[in-house]
Amino acid sequence: MRPAKYRDEDLEQHALRRRVSDDGQRSGFEHDVDRILYSIQWRALAGKSQVVASGELGAYHTRLTHSMKVAQLGRRMAERLERRYGGPNPALVEAACMAHDIGHPPFGHAGETALRATMDELRDADRALDSFEGNAQTLRVLTFLAAHKYPGHRGLHLTRACLDASTKYPWERAPLAVDPARHAKWGVYVADREAFAWVRAGRTGTEVPVEEQVMDWADDVTYACHDVEDFYRTGLIPLAALFPPDGRAGGDTERETARFLDYVAAKRARTQQPFDRAEARQLMADIGKRLQVPAPYSGSHEDAVAVNRRTADLIAYFTRDIHLEVGDAAAIRYGARLVIPQERRAACDLLKELVWCYVIDRPALATQQHGKRRIVSELLRWSHQAPELLPPERAQELELHGDPLRAAADHVASLTEDQAIALHQRLSGVGLGSMNDNMWL
């Protein structure tokens, strides 16, 4: 099928307010991919956690390798959909996948919750609602904090369609009493209203384009498959007990399954989400058909091959039967909706809970998380109390927007984990470092 044609409005570049010129070498969306790839913020993701700290020994995924795999999977799904429906554009989906985590702070979820809690506390005096959210920070990075090659214009000058596809939660933060879900997750800061309004081009609803939907599913599948793989290899997730080969389930399987399902049930109860234990057992049986893990990971070549085969089978299971519902318009932007079989989405959600049960909520990581939150919270407080500590770029931005707390949050969120630890040691007096350290830049 002939690829669908995007409008000039979709290809208009933010801040420059013009369509990217077609030089016959790259499309507008390929320009988006390249701008993100060459940005400092993209490179910094190598020093930020996916689940465990980026400096941990072992081949764990960082936020960068996670984003690279999301981009690869998103592009492959888009290529298949484009062949069948004429859209969406694979390069546009790839760019959105690359950008989706670019605003996330050091130390992953721990860093994000620490920034939010500390900002909420410091903002409480003037009762301001806005705070920190990794997805909202992504829009801020792409449209304000990052730099490209045009003087006098901030951001990466991505296309409208790319910025729209990168925005997972197209709304501002709501008061807790009004909407708890939108109080916890949002994608736009008050400071970035103008940029967001340009991205949405008059659209006032909360729907997202099909390119964002493909990106979001690629993110979920990558998280579920590759993070579980990481922690099976290191012995933290007992896949051999949970998903043994046919006929080899024993007492360990029943005990471990009960333990895991008890964890999920309690977690869902705390967040007031429904949980059907019988359905969860069936989903685990479906996942088990694709895993069939005979023993813990031994590190042998044969085990490495088997792990890769199982991961490939899981990814195929989650992506093989997706399709589009296409309206009267072309299968791009707001003219189509991604349809994922309900049982695949539920199985993916359950698989992600393995990482929370056996890794994120385990005591050893919980003590690390406490330290990470303290580092991030104290860096934010100190940078807010003493704006003269901000690096030149953040100080220049503070002059533009006049919000010391936002400038401090932008600074802390931009740091890699090594930079955050070194800066915390320096400011606390634990380790003063050298006057020639360039951690500020």
# chains A, B, ... in the order shown; residues from 1 in each chain; ligands from 1

$ residues_around --residues "Ala408 (chain A)" --least-positions-apart "2" --cutoff "7 Å" --atoms "only C-alpha atoms" --output "VMD selection string"
chain A and resid 380 383 to 384 404 to 406 410 to 412

$ write_last_selection --atoms "N, CA, C and O atoms" --output "PDB file, in the first residue's frame"
ATOM      1  N   LEU A 380      18.336  19.188  44.903  1.00  0.00           N
ATOM      2  CA  LEU A 380      17.296  20.143  44.515  1.00  0.00           C
ATOM      3  C   LEU A 380      17.181  21.268  45.543  1.00  0.00           C
ATOM      4  O   LEU A 380      17.098  22.453  45.178  1.00  0.00           O
ATOM      5  N   SER A 383      20.310  23.586  45.305  1.00  0.00           N
ATOM      6  CA  SER A 383      20.327  24.389  44.077  1.00  0.00           C
ATOM      7  C   SER A 383      19.251  25.465  44.111  1.00  0.00           C
ATOM      8  O   SER A 383      19.433  26.558  43.559  1.00  0.00           O
ATOM      9  N   HIS A 384      18.128  25.160  44.758  1.00  0.00           N
ATOM     10  CA  HIS A 384      17.051  26.141  44.876  1.00  0.00           C
ATOM     11  C   HIS A 384      17.423  27.244  45.863  1.00  0.00           C
ATOM     12  O   HIS A 384      17.180  28.432  45.617  1.00  0.00           O
ATOM     13  N   PRO A 404      13.144  30.011  40.112  1.00  0.00           N
ATOM     14  CA  PRO A 404      14.339  29.348  40.656  1.00  0.00           C
ATOM     15  C   PRO A 404      14.153  27.857  40.913  1.00  0.00           C
ATOM     16  O   PRO A 404      15.084  27.067  40.723  1.00  0.00           O
ATOM     17  N   LEU A 405      12.959  27.456  41.360  1.00  0.00           N
ATOM     18  CA  LEU A 405      12.742  26.039  41.643  1.00  0.00           C
ATOM     19  C   LEU A 405      12.728  25.220  40.361  1.00  0.00           C
ATOM     20  O   LEU A 405      13.291  24.122  40.312  1.00  0.00           O
ATOM     21  N   ARG A 406      12.110  25.745  39.325  1.00  0.00           N
ATOM     22  CA  ARG A 406      12.106  25.028  38.049  1.00  0.00           C
ATOM     23  C   ARG A 406      13.525  24.948  37.489  1.00  0.00           C
ATOM     24  O   ARG A 406      13.925  23.905  36.940  1.00  0.00           O
ATOM     25  N   ASP A 410      15.416  21.503  36.657  1.00  0.00           N
ATOM     26  CA  ASP A 410      15.992  21.256  35.333  1.00  0.00           C
ATOM     27  C   ASP A 410      17.449  20.833  35.457  1.00  0.00           C
ATOM     28  O   ASP A 410      17.927  19.947  34.735  1.00  0.00           O
ATOM     29  N   HIS A 411      18.169  21.483  36.379  1.00  0.00           N
ATOM     30  CA  HIS A 411      19.581  21.152  36.582  1.00  0.00           C
ATOM     31  C   HIS A 411      19.745  19.733  37.115  1.00  0.00           C
ATOM     32  O   HIS A 411      20.492  18.918  36.539  1.00  0.00           O
ATOM     33  N   VAL A 412      19.043  19.410  38.187  1.00  0.00           N
ATOM     34  CA  VAL A 412      19.202  18.086  38.798  1.00  0.00           C
ATOM     35  C   VAL A 412      18.752  16.990  37.837  1.00  0.00           C
ATOM     36  O   VAL A 412      19.404  15.941  37.719  1.00  0.00           O
TER      37      VAL A 412
END

$ residues_around --residues "region 291-293 of chain A" --least-positions-apart "3" --cutoff "10 Å" --atoms "only C-alpha atoms" --output "short mmCIF file (atom, residue, chain, number, x, y, z; two decimals) with N, CA, C and O atoms, in the first residue's frame"
data_model
loop_
_atom_site.label_atom_id
_atom_site.label_comp_id
_atom_site.auth_asym_id
_atom_site.auth_seq_id
_atom_site.Cartn_x
_atom_site.Cartn_y
_atom_site.Cartn_z
N PRO A 238 12.98 -15.71 39.66
CA PRO A 238 13.05 -17.18 39.56
C PRO A 238 12.15 -17.73 38.44
O PRO A 238 11.15 -18.41 38.70
N LEU A 239 12.52 -17.44 37.20
CA LEU A 239 11.69 -17.89 36.08
C LEU A 239 11.57 -19.40 36.02
O LEU A 239 10.54 -19.94 35.60
N ALA A 240 12.61 -20.11 36.45
CA ALA A 240 12.56 -21.58 36.39
C ALA A 240 11.49 -22.13 37.33
O ALA A 240 10.86 -23.16 37.04
N ALA A 241 11.26 -21.46 38.45
CA ALA A 241 10.20 -21.89 39.36
C ALA A 241 8.83 -21.44 38.87
O ALA A 241 7.85 -22.18 38.98
N LEU A 242 8.75 -20.25 38.30
CA LEU A 242 7.46 -19.71 37.87
C LEU A 242 6.97 -20.30 36.55
O LEU A 242 5.77 -20.52 36.37
N PHE A 243 7.91 -20.59 35.64
CA PHE A 243 7.52 -21.03 34.29
C PHE A 243 8.35 -22.25 33.86
O PHE A 243 9.12 -22.19 32.92
N PRO A 244 8.20 -23.38 34.56
CA PRO A 244 8.97 -24.58 34.21
C PRO A 244 8.43 -25.20 32.92
O PRO A 244 7.31 -24.90 32.49
N PRO A 245 9.21 -26.08 32.29
CA PRO A 245 8.70 -26.80 31.12
C PRO A 245 7.49 -27.65 31.47
O PRO A 245 7.25 -27.97 32.65
N ASP A 246 6.73 -28.03 30.48
CA ASP A 246 5.54 -28.85 30.69
C ASP A 246 5.88 -30.12 31.48
O ASP A 246 6.88 -30.79 31.19
N ARG A 248 6.89 -30.36 34.54
CA ARG A 248 7.96 -30.26 35.54
C ARG A 248 7.62 -29.30 36.68
O ARG A 248 8.47 -28.94 37.47
N ALA A 285 0.00 -18.97 32.65
CA ALA A 285 0.10 -20.21 31.87
C ALA A 285 0.40 -19.89 30.40
O ALA A 285 1.21 -20.57 29.75
N ASP A 286 -0.25 -18.84 29.87
CA ASP A 286 0.01 -18.44 28.48
C ASP A 286 1.45 -17.97 28.31
O ASP A 286 2.10 -18.30 27.31
N ILE A 287 1.94 -17.18 29.27
CA ILE A 287 3.34 -16.73 29.21
C ILE A 287 4.27 -17.93 29.31
O ILE A 287 5.29 -18.03 28.60
N GLY A 288 3.92 -18.87 30.19
CA GLY A 288 4.76 -20.05 30.39
C GLY A 288 4.95 -20.88 29.14
O GLY A 288 6.02 -21.49 28.95
N PRO A 296 17.68 -22.26 36.59
CA PRO A 296 18.24 -20.91 36.70
C PRO A 296 19.35 -20.69 35.67
O PRO A 296 19.96 -21.65 35.18
N TYR A 297 19.65 -19.46 35.38
CA TYR A 297 20.64 -19.12 34.37
C TYR A 297 22.03 -19.52 34.85
O TYR A 297 22.44 -19.19 35.97
N ASP A 303 22.70 -21.48 27.49
CA ASP A 303 21.71 -20.69 28.23
C ASP A 303 21.52 -19.32 27.60
O ASP A 303 20.40 -18.81 27.53
N ALA A 306 19.33 -19.73 24.65
CA ALA A 306 17.95 -20.00 25.06
C ALA A 306 17.26 -18.73 25.55
O ALA A 306 16.07 -18.51 25.25
N VAL A 307 17.97 -17.89 26.30
CA VAL A 307 17.39 -16.63 26.78
C VAL A 307 17.00 -15.75 25.59
O VAL A 307 15.91 -15.17 25.55
N ARG A 309 16.31 -16.65 22.58
CA ARG A 309 15.18 -17.25 21.86
C ARG A 309 13.88 -16.97 22.58
O ARG A 309 12.87 -16.61 21.95
N ARG A 310 13.88 -17.11 23.90
CA ARG A 310 12.64 -16.85 24.66
C ARG A 310 12.23 -15.39 24.55
O ARG A 310 11.04 -15.08 24.42
N THR A 311 13.20 -14.48 24.64
CA THR A 311 12.87 -13.06 24.52
C THR A 311 12.27 -12.76 23.15
O THR A 311 11.28 -12.03 23.05
N ASP A 313 10.67 -14.83 21.24
CA ASP A 313 9.33 -15.43 21.18
C ASP A 313 8.31 -14.55 21.92
O ASP A 313 7.17 -14.38 21.47
N LEU A 314 8.72 -13.99 23.07
CA LEU A 314 7.81 -13.12 23.82
C LEU A 314 7.48 -11.85 23.04
O LEU A 314 6.32 -11.43 22.98
#

$ closest_residue --among "A:Asp32, A:Glu211, A:Glu399, A:Asp164" --to "Leu324 (chain A)" --atoms "only C-alpha atoms"
A:Glu211

$ select_by_dssp --residues "region 151-253 of chain A" --states "strand (DSSP E or B)" --output "list in words"
Gly155, Thr159, Glu172 and Val188 of chain A

$ residues_around --residues "Leu236 (chain A)" --least-positions-apart "3" --cutoff "8 Å" --atoms "only C-alpha atoms" --output "ChimeraX atom specification"
/A:231-233,358-359

$ closest_residue --among "A:Ile40, A:Ala266, A:Leu11, A:Ala117" --to "Cys357 (chain A)" --atoms "only C-alpha atoms"
A:Ala266
